Each structure stands twice: as C-alpha cells, then as structure tokens.
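Peer 1: One structure is given below, represented as structure tokens, and several questions about it will come after.
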Amino acid sequence: MPEFLWLVIGAIVGIALGFVIARFVVNASTKRAAQEADSLLTDAKKQAETLHREAVIEAKDEVFKLKQEAETENKERMREVRVAENRISQREESLDRRVESLDAREHQISSQQGQLDRRSHELKALSEEVNVRLEHIAGMTPEEAKSELLETLKDEVAHESATIIRDAEARTKSEADKKSREILSLAIQRVAADHSAENTVSSIHIPTDDLKGRIIGREGRNIRSFEQLTGTNLIIDDTPECVTISCFDPVRREIGRVTMENLISDGRIHPARIEEMFAKAEDYVNQRVLEAGEQASFDTGIHDIHPELVKTLGRLRYRTSYGQNVLNHSLEVAYLCGVMAAELGLDPIPAKRAGLLHDLGKAVDHEVEGSHAVIGADLARRFGEKGDIVQAIEAHHNDIEPQSVLDVLVQAADAVSAARPGARKETLDSYIKRLEKLEEIANNHKGVERTYAIQAGREVRVMVTPEEIDEASTVVLAHDIANQIENEMQYPGQVKVVVIRESRAIDFAK
C-alpha cells in the first residue's frame with residue numbers, strides 16, 4: 001500500500017512537472033512566433049512603403065514625359081499655325097498690291113480710252129476731210145469709189161482663191177497619187193521590159209540588080225502574079241540591090257516578104273513558082289502567127305483563150321504602132337497590170353488577161369471600120385470573153401467611161417508602156433524637142449553663156465557670164481525664165497530653173 005501510494009504521488013508529481021514544463025515551452029514558442037510575426041509585419045510594411053515610393057516616382061516620371069511630349073507637340077502646332085498665318089498674310093499683301101495695280105491700270109486705261117476717243121474723233125474728222133479732198137480730186141462719189149475698190153478686191157480675191165485652190169488640189173493629188181506612183185514604179189521595176197522600137201521591115205536585099213528584071217518578068221507577068229497572090233504592092237525603083245513591099249496588112253506584107261526572099265534564094269521566078277512559094281510562105285507565117293499567140297498566152301499564164309483570139313493575138317507580132325511592136329507592147333501591159341493588181345490586193349489573172357487582149361483590135365483594124373478598142377471589144381465579146389474583160393478593152397482609150405479598177409489599171413499600164421523613153425518614135429521626138437525648147441528659152445536671155453536641160457527635162461541649169469549678170473540679177477533671171485517656160489510650154493510636174501554665176505580671180509607667181 002505505501003508503495004502504491006508513492007507511485008501515485010510520484011505520478012501526480014510527474015504530471016504536474018510535465019504540465020509546468022509544457023506550459024513553459026508553449027509560452028516560449030508563442031513569444032517567438034509573436035516576435036517573428038512582428039518582424040515579418042515590420043518588413044512587409046517597409047517593402048510596401050518602398051514599393052509605394054517607387055510607384056510614385058515612376059508615375060511622376062511618366063507624367064513628366066507626357067507633359068514634355070504634349071508641350072513639344074503644342075509648340076510644333078503653334079509653329080505651323082504661325083507659318084500658315086504668315087503665308088496668309090503674304091497672300092493678303094499680294095492681293096492688296098494686285099488690287100492697287102489693277103486700280104492703277106484701270107485708271108490708266110480710262111485715261112487712255114479718253115485719249116483714244118479724242119483721237120478717234122480727230123481721225124474721223126481727218127478721214128472725212130480726206131474723203132472730201134479725194135472726191136474732189138478723183139471726181140468720184142464714195143459709192144463709185146467703193147464699187148471700183150470692191151471690183152478690184154474681187155478680182156484679187158478671185159485670183160488668190162484660184163491660186164489657193166490650185167495649190168490645195170496639187171497637194172491633194174500629190175497625196176492621192178503617192179500610192180499609185182509607188183505601185184507604178186514597183187511595176188515598172190519588176191517588169192523591166194527590154195523592147196526597142198521597131199520599124200516595119202519592107203525592104204528586101206537582092207544580090208544583084210539583074211534580078212530586078214527577072215522579078216518583073218516578061219511584060220510584067222511575074223510582078224502581077226506576085227501582087228495578086230500576096231495582096232501587096234511590089235516597088236522596084238532605082239534603089240540599088242533593094243526591092244520594097246508595101247501593104248497595110250502586116251501579115252500579108254510578111255507573107256510577101258517571105259515569098260520574095262524564098263524566090264530570090266531559089267532563083268527560079270515565074271508565076272507557077274511564085275504560087276508555090278506563096279503557099280509555103282503562107283503556111284509558114286500562119287504557123288508563126290499561131291506560135292506567137294500561144295507563146296504570149298503561155299508567158300502570161302493564161303491558157304483558156306479561144307483559138308481564134310490566139311491567132312488574132314499572134315497577128316500583132318507583125319503589127320507596129322509608132323515603131324513599137326504591138327505584141328511586145330501587149331505583153332508588157334499584161335505584166336504591168338498583173339503587178340499593179342497584186343499590189344492593190346486584186347486578182348492578177350483577170351488584169352493580165354485584159355492587158356494582153358487590150359490591143360486585139362489592131363490586128364484587124366485595117367479591115368474593120370472603127371477604133372481598135374471597140375473592134376477588139378467586139379472580137380472578145382464574140383469569142384466568149386467575160387464582161388469585165390470586154391469592158392476594160394473597150395475603155396482603155398476612153399471610148400466608153402471606165403467603170404471599174406480593172407479599166408483604170410489597163411489604161412495606166414497602156415500609158416506607161418507607150419510613154420517610156422524609146423518605146424515610140426513620136427514620144428522620143430517630142431521628148432527631145434521639149435529639151436531643146438527648154439534650152440532655147442534660157443539661151444535667149446541676155447548674159448546666158450550655156451544652158452543644160454537635165455533630169456529628163458525637170459531641171460534647167462543656166463550658166464551666166466559673171467561680168468554681165470550680178471548676184472541680184474540671177475534671181476530675176478531665174479524668175480523670168482520660169483515664167484517664160486510656164487507661158488510657152490506644156491510639161492508634166494514642175495521644171496526647176498537653176499542660175500549659176502561663178503567668179504574667178506586668177507593670178508600668176510613669177
């Protein structure tokens with residue numbers, strides 16, 4: 001029992017001691033926690049104050065920057081406003097000055113207007129006085145003088161109008177003809193035909209004059225038989241070693257020529273032999289006629305011509321016009337028509353056909369009355385040629401009015417072929433006469449030393465004597481020569497007159 005009691009008392013004492021110790025420990029922990037809490041609170045307050053101060057400082061800096069930017073922008077705007085105000089002020093000053101200048105000019109104009117009015121009245125009075133004096137001197141009323149003046153002005157205006165119209169027409173024609181000249185020049189260059197002028201061969205050379213008696217025959221029977229068979233005239237005159245055959249029909253003349261040459265070569269000349277040689281010559285010439293027609297159609301690429309037209313075309317081989325072979329001329333016209341039609345975008349085949357057949361009537365114009373153009377058109381119509389071809393043939397010498405481009409092409413090609421230098425004797429002769437006339441006109445003026453017509457008659461160069469013609473007189477001389485050429489001659493285009501004066505100073509070193 002006492003041991004248990006001591007145990008109980010020891011337990012109670014231990015519990016009491018543990019309670020006292022635990023409480024002491026708790027109080028100490030609580031104090032430390034309170035101290036730490038106070039320390040943390042103090043630190044937090046310090047950090048909060050530091051952060052507050054930093055935020056305030058940053059806010060002040062931002063406000064300062066914004067204030068500075070606002071002030072800078074305000075200054076810039078104020079500067080622009082001042083510049084605009086200065087500009088407006090300058091404009092106002094300029095406008096004020098202009099208004100003042102305009103007022104001054106208006107005042108000046110008003111004063112000048114007054115002076116002009118006064119001068120106008122004075123001039124009117126002087127004009128009336130002059131009119132009265134002129135009426136007294138001329139013995140004419142103002143109405144009569146006005147009528148005469150109007151008539152004079154009317155003539156001058158009419159002359160000037162005619163000159164202006166003529167110049168305008170020339171310019172219009174020049175522009176309108178530009179393309180046609182290009183086409184014609186291209187066609188001429190591409191064709192470049194080389195046909196010389198031809199004469200009708202009617203003289204036959206004989207070895208000796210003794211043959212003339214044999215050709216005539218006993219009592220003239222050989223010559224009569226020859227002329228009856230060939231339809232030609234045989235001329236035997238005093239020309240040594242030569243006989244001449246004359247006939248309007250070129251084919252008959254050719255048959256007669258061949259017959260006579262064969263008889264001379266054979267040496268046997270009598271009526272029976274003449275008849276035999278004539279038959280051979282006729283077959284030979286007819287064959288050559290047919291071959292010439294076929295060759296012409298082949299050369300131009302036209303192969304559906306009626307055989308009779310081919311024969312008629314071949315007869316042109318022995319036909320000449322002013323010394324120009326008509327068949328060669330027809331071929332040349334066909335080529336020119338084809339080239340020009342191609343340049344214009346037309347079919348060249350009908351153009352070649354019309355050009356080849358355009359002078360068909362010349363083969364029979366000695367047998368049928370009428371112009372060769374109408375005769376050729378009738379032949380072409382009879383043998384089935386188309387209407388446009390017939391129309392072109394008939395219109396190529398304006399026997400009827402041209403109605404299509406083909407008609408005009410044939411006319412142009414025919415003119416080009418016939419007018420080229422050397423193609424026809426008459427054209428060549430007139431060309432030479434024109435050049436001679438140009439030189440003669442210039443040479444007839446005083447002081448002219450030498451004259452040369454060049455550029456196919458389009459320019460005349462006049463050499464003058466410097467001792468007789470001075471520099472100023474050369475202009476007058478050129479004008480006088482040009483006027484005389486205009487009045488006395490007819491020519492295409494223009495003729496340029498160039499007067500050349502040369503002065504030379506010559507000395508010798510001795």
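The chains in the structure tokens are called A, B, ... from first to last as shown; in each chain the residues are counted from 1, and the ligands are counted from 1 in the order shown.
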Using DSSP on the backbone, list every residue of region 350-486 of chain A that comes out as strand (DSSP E), and give them as a list in words.
Peer 2: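 The strand (DSSP E) residues within region 350-486 of chain A come out as Val448, Glu449, Arg450, Thr451, Tyr452, Ala453, Ile454, Glu459, Val460, Arg461, Val462, Met463 and Val464 of chain A.
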Peer 1: Put those residues in a file: all heavy atoms, as a tab-separated table (two decimals), in the first residue's frame.
Peer 2:
chain	number	residue	atom	x	y	z
A	448	VAL	N	23.32	84.93	-170.68
A	448	VAL	CA	23.38	83.48	-170.53
A	448	VAL	C	24.52	82.94	-171.40
A	448	VAL	O	24.59	83.23	-172.59
A	448	VAL	CB	22.05	82.83	-170.92
A	448	VAL	CG1	22.17	81.31	-170.87
A	448	VAL	CG2	20.95	83.31	-169.98
A	449	GLU	N	25.40	82.18	-170.79
A	449	GLU	CA	26.53	81.62	-171.51
A	449	GLU	C	26.22	80.22	-172.04
A	449	GLU	O	26.39	79.94	-173.23
A	449	GLU	CB	27.75	81.56	-170.59
A	449	GLU	CG	29.01	81.06	-171.28
A	449	GLU	CD	30.20	81.06	-170.34
A	449	GLU	OE1	30.04	81.51	-169.18
A	449	GLU	OE2	31.29	80.62	-170.76
A	450	ARG	N	25.75	79.33	-171.18
A	450	ARG	CA	25.40	77.96	-171.59
A	450	ARG	C	24.19	77.51	-170.80
A	450	ARG	O	23.92	77.98	-169.70
A	450	ARG	CB	26.57	76.98	-171.34
A	450	ARG	CG	27.78	77.21	-172.21
A	450	ARG	CD	28.82	76.11	-171.99
A	450	ARG	NE	29.21	76.00	-170.59
A	450	ARG	CZ	30.14	76.76	-170.01
A	450	ARG	NH1	30.78	77.68	-170.73
A	450	ARG	NH2	30.45	76.59	-168.74
A	451	THR	N	23.44	76.56	-171.39
A	451	THR	CA	22.24	76.03	-170.74
A	451	THR	C	22.22	74.52	-170.91
A	451	THR	O	22.53	74.01	-172.00
A	451	THR	CB	20.95	76.64	-171.33
A	451	THR	OG1	21.01	78.06	-171.21
A	451	THR	CG2	19.72	76.13	-170.60
A	452	TYR	N	21.84	73.82	-169.84
A	452	TYR	CA	21.74	72.36	-169.88
A	452	TYR	C	20.39	71.94	-169.28
A	452	TYR	O	20.07	72.30	-168.14
A	452	TYR	CB	22.87	71.71	-169.07
A	452	TYR	CG	24.25	72.07	-169.56
A	452	TYR	CD1	24.98	73.06	-168.93
A	452	TYR	CD2	24.81	71.43	-170.66
A	452	TYR	CE1	26.24	73.41	-169.37
A	452	TYR	CE2	26.07	71.76	-171.11
A	452	TYR	CZ	26.79	72.76	-170.47
A	452	TYR	OH	28.04	73.10	-170.91
A	453	ALA	N	19.61	71.21	-170.08
A	453	ALA	CA	18.37	70.62	-169.58
A	453	ALA	C	18.69	69.21	-169.07
A	453	ALA	O	19.16	68.36	-169.83
A	453	ALA	CB	17.31	70.56	-170.68
A	454	ILE	N	18.46	68.97	-167.79
A	454	ILE	CA	18.80	67.69	-167.18
A	454	ILE	C	17.57	67.14	-166.46
A	454	ILE	O	16.49	67.75	-166.50
A	454	ILE	CB	19.98	67.83	-166.18
A	454	ILE	CG1	19.61	68.78	-165.05
A	454	ILE	CG2	21.21	68.31	-166.90
A	454	ILE	CD1	20.67	68.89	-163.98
A	459	GLU	N	14.71	69.88	-164.85
A	459	GLU	CA	15.60	70.90	-164.30
A	459	GLU	C	16.40	71.53	-165.44
A	459	GLU	O	16.85	70.83	-166.35
A	459	GLU	CB	16.54	70.29	-163.25
A	459	GLU	CG	17.47	71.31	-162.62
A	459	GLU	CD	18.35	70.70	-161.55
A	459	GLU	OE1	18.03	69.58	-161.09
A	459	GLU	OE2	19.36	71.35	-161.16
A	460	VAL	N	16.55	72.84	-165.36
A	460	VAL	CA	17.34	73.60	-166.34
A	460	VAL	C	18.43	74.33	-165.58
A	460	VAL	O	18.13	75.12	-164.67
A	460	VAL	CB	16.46	74.60	-167.11
A	460	VAL	CG1	17.32	75.37	-168.12
A	460	VAL	CG2	15.34	73.88	-167.83
A	461	ARG	N	19.68	74.08	-165.94
A	461	ARG	CA	20.81	74.75	-165.31
A	461	ARG	C	21.38	75.78	-166.28
A	461	ARG	O	21.79	75.42	-167.39
A	461	ARG	CB	21.88	73.76	-164.88
A	461	ARG	CG	21.38	72.84	-163.76
A	461	ARG	CD	22.48	72.05	-163.12
A	461	ARG	NE	21.96	71.21	-162.04
A	461	ARG	CZ	22.69	70.39	-161.31
A	461	ARG	NH1	23.99	70.29	-161.55
A	461	ARG	NH2	22.14	69.68	-160.35
A	462	VAL	N	21.38	77.01	-165.83
A	462	VAL	CA	21.76	78.14	-166.70
A	462	VAL	C	23.08	78.71	-166.18
A	462	VAL	O	23.17	79.15	-165.03
A	462	VAL	CB	20.66	79.21	-166.69
A	462	VAL	CG1	21.04	80.35	-167.63
A	462	VAL	CG2	19.32	78.60	-167.08
A	463	MET	N	24.11	78.69	-167.03
A	463	MET	CA	25.40	79.29	-166.70
A	463	MET	C	25.43	80.71	-167.27
A	463	MET	O	25.21	80.90	-168.47
A	463	MET	CB	26.55	78.46	-167.31
A	463	MET	CG	26.46	76.96	-167.03
A	463	MET	SD	26.75	76.56	-165.32
A	463	MET	CE	26.65	74.77	-165.38
A	464	VAL	N	25.69	81.70	-166.41
A	464	VAL	CA	25.67	83.09	-166.87
A	464	VAL	C	27.08	83.66	-166.82
A	464	VAL	O	27.97	83.17	-166.11
A	464	VAL	CB	24.72	83.94	-165.99
A	464	VAL	CG1	23.31	83.42	-166.10
A	464	VAL	CG2	25.18	83.93	-164.54
Peer 1: Show which residues sit within 8 Å of region 362-378 of chain A, as an mmCIF file with N, CA and C atoms, in the first residue's frame. Count only C-alpha atoms, and ignore same-chain residues fewer than 6 positions away.
Peer 2:
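The file below, part.cif, is the result:
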data_model
loop_
_atom_site.group_PDB
_atom_site.id
_atom_site.type_symbol
_atom_site.label_atom_id
_atom_site.label_comp_id
_atom_site.auth_asym_id
_atom_site.auth_seq_id
_atom_site.Cartn_x
_atom_site.Cartn_y
_atom_site.Cartn_z
ATOM 1 N N PHE A 248 -0.921 47.501 -196.232
ATOM 2 C CA PHE A 248 -1.461 47.886 -194.941
ATOM 3 C C PHE A 248 -1.607 46.693 -193.998
ATOM 4 N N ASP A 249 -1.827 45.499 -194.558
ATOM 5 C CA ASP A 249 -1.980 44.302 -193.733
ATOM 6 C C ASP A 249 -0.593 43.784 -193.379
ATOM 7 N N THR A 312 -5.539 35.755 -183.633
ATOM 8 C CA THR A 312 -5.584 37.213 -183.798
ATOM 9 C C THR A 312 -4.497 37.879 -182.970
ATOM 10 N N LEU A 313 -4.257 37.376 -181.780
ATOM 11 C CA LEU A 313 -3.198 37.916 -180.931
ATOM 12 C C LEU A 313 -1.832 37.710 -181.574
ATOM 13 N N ARG A 315 -1.180 37.687 -184.690
ATOM 14 C CA ARG A 315 -1.013 38.614 -185.823
ATOM 15 C C ARG A 315 -0.366 39.923 -185.381
ATOM 16 N N LEU A 316 -0.510 40.261 -184.078
ATOM 17 C CA LEU A 316 0.090 41.501 -183.584
ATOM 18 C C LEU A 316 1.606 41.454 -183.610
ATOM 19 N N ARG A 319 2.554 43.672 -186.309
ATOM 20 C CA ARG A 319 1.913 44.993 -186.275
ATOM 21 C C ARG A 319 2.748 45.909 -185.402
ATOM 22 N N VAL A 390 -14.114 42.546 -171.514
ATOM 23 C CA VAL A 390 -14.589 43.319 -172.673
ATOM 24 C C VAL A 390 -14.669 44.803 -172.318
ATOM 25 N N GLN A 391 -15.175 45.099 -171.121
ATOM 26 C CA GLN A 391 -15.291 46.489 -170.680
ATOM 27 C C GLN A 391 -13.917 47.154 -170.594
ATOM 28 N N ILE A 393 -11.184 46.341 -172.260
ATOM 29 C CA ILE A 393 -10.645 46.523 -173.615
ATOM 30 C C ILE A 393 -11.263 47.752 -174.268
ATOM 31 N N GLU A 394 -12.569 47.904 -174.137
ATOM 32 C CA GLU A 394 -13.265 48.991 -174.818
ATOM 33 C C GLU A 394 -12.993 50.340 -174.165
ATOM 34 N N ALA A 395 -12.652 50.346 -172.868
ATOM 35 C CA ALA A 395 -12.491 51.609 -172.150
ATOM 36 C C ALA A 395 -11.047 52.077 -172.071
ATOM 37 N N HIS A 396 -10.099 51.323 -172.630
ATOM 38 C CA HIS A 396 -8.706 51.692 -172.370
ATOM 39 C C HIS A 396 -8.261 52.938 -173.110
ATOM 40 N N HIS A 397 -9.069 53.416 -174.100
ATOM 41 C CA HIS A 397 -8.808 54.717 -174.732
ATOM 42 C C HIS A 397 -9.987 55.655 -174.547
ATOM 43 N N ASP A 399 -13.104 55.215 -175.065
ATOM 44 C CA ASP A 399 -14.240 55.141 -175.982
ATOM 45 C C ASP A 399 -15.538 55.018 -175.195
#
Peer 1: List every residue of region 327-453 of chain A that DSSP, applied to the backbone, labels as alpha helix (DSSP H), and write the result as a PyMOL selection string.
Peer 2: chain A and resi 327-343+348-357+372-382+387-395+405-419+425-443
Peer 1: For region 279-296 of chain A, work out the shell of residues within 8 Å, counting only C-alpha atoms and skipping chain neighbours fewer than 2 positions away, then give it as a list in words.
Peer 2: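 My reading of the contact set: Val251, Glu254, Ile255, Gly256, Val258, Thr259, Glu275, Glu276, Met277, Phe298, Asp299, Thr300, Val310, Lys311, Thr312, Leu313, Gly314, Arg315, Arg317 and Leu331 of chain A.
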Peer 1: At a cut-off of 12 Å, using only C-alpha atoms, what residues contact His479 (chain A)? Leave out same-chain residues fewer than 3 positions from it and give the result as a PyMOL selection string.
Peer 2: chain A and resi 442+445+472-476+482-486+495-499
Peer 1: Would you please work out which residue, of A:Ile441, A:Leu360, A:Ile349, A:Ala104, is nearest to Glu488 (chain A) when using only C-alpha atoms?
Peer 2: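 Smallest distance to Glu488 (chain A) is found for A:Ile441.
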Peer 1: Could you give me, as a list of chain:residue names, the residues within 9 Å of Pro207 (chain A), counting only C-alpha atoms and dropping anything in the same chain fewer than 4 positions from it?
Peer 2: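 Once the nearby chain positions are removed, what remains is A:Leu211, A:Glu241, A:Cys242, A:Ile264.
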Peer 1: Got time to write the residues from that selection, C-alpha atoms, as a PDB file, in the first residue's frame?
Peer 2:
ATOM      1  CA  LEU A 211      17.306  40.090-210.509  1.00  0.00           C
ATOM      2  CA  GLU A 241      20.095  45.979-204.729  1.00  0.00           C
ATOM      3  CA  CYS A 242      16.778  46.548-202.998  1.00  0.00           C
ATOM      4  CA  ILE A 264      15.410  35.145-204.587  1.00  0.00           C
TER       5      ILE A 264
END
Peer 1: Considering only C-alpha atoms, return as an MDAnalysis selection string whatever protein or nucleic-acid residues lie within 8 Å of region 402-412 of chain A, sequence-local ones (same chain, fewer than 3 positions apart) excluded.
Peer 2: chainID A and resid 333 337 340:341 351 354:355 358 388 391:393 395:398 415:416
Peer 1: Generate a file of the selected residues that holds N, CA and C atoms, formatted as a compact mmCIF listing (two decimals), in the first residue's frame.
Peer 2:
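See part-v8.txt below for the written result:
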# COMPACT_ATOMS: atom_id res chain seq x y z
N VAL A 333 2.07 45.39 -171.17
CA VAL A 333 0.88 45.88 -170.47
C VAL A 333 0.30 44.80 -169.57
N CYS A 337 -0.13 45.26 -165.59
CA CYS A 337 -1.46 45.12 -164.97
C CYS A 337 -1.42 44.08 -163.86
N MET A 340 0.44 45.57 -160.74
CA MET A 340 -0.34 46.59 -160.05
C MET A 340 -1.56 46.00 -159.37
N ALA A 341 -2.22 45.05 -160.01
CA ALA A 341 -3.38 44.41 -159.38
C ALA A 341 -2.96 43.66 -158.12
N ALA A 351 -6.51 40.85 -164.61
CA ALA A 351 -5.79 42.05 -165.03
C ALA A 351 -4.80 41.71 -166.15
N ALA A 354 -6.87 41.10 -169.40
CA ALA A 354 -7.32 42.34 -170.04
C ALA A 354 -6.15 43.09 -170.67
N GLY A 355 -4.98 43.11 -169.99
CA GLY A 355 -3.82 43.79 -170.56
C GLY A 355 -3.32 43.12 -171.82
N HIS A 358 -5.90 43.90 -174.74
CA HIS A 358 -6.45 45.26 -174.88
C HIS A 358 -6.27 45.82 -176.29
N ASP A 388 -16.25 41.94 -167.79
CA ASP A 388 -15.27 42.88 -167.25
C ASP A 388 -14.04 43.00 -168.15
N GLN A 391 -15.17 45.10 -171.12
CA GLN A 391 -15.29 46.49 -170.68
C GLN A 391 -13.92 47.15 -170.59
N ALA A 392 -12.94 46.45 -170.06
CA ALA A 392 -11.59 47.02 -169.94
C ALA A 392 -10.97 47.27 -171.30
N ILE A 393 -11.18 46.34 -172.26
CA ILE A 393 -10.65 46.52 -173.61
C ILE A 393 -11.26 47.75 -174.27
N ALA A 395 -12.65 50.35 -172.87
CA ALA A 395 -12.49 51.61 -172.15
C ALA A 395 -11.05 52.08 -172.07
N HIS A 396 -10.10 51.32 -172.63
CA HIS A 396 -8.71 51.69 -172.37
C HIS A 396 -8.26 52.94 -173.11
N HIS A 397 -9.07 53.42 -174.10
CA HIS A 397 -8.81 54.72 -174.73
C HIS A 397 -9.99 55.66 -174.55
N ASN A 398 -10.80 55.39 -173.50
CA ASN A 398 -11.95 56.24 -173.15
C ASN A 398 -13.01 56.28 -174.25
N ALA A 415 -0.56 53.39 -170.82
CA ALA A 415 0.14 54.68 -170.89
C ALA A 415 1.61 54.54 -170.49
N VAL A 416 1.88 53.74 -169.45
CA VAL A 416 3.26 53.55 -169.01
C VAL A 416 4.09 52.87 -170.09
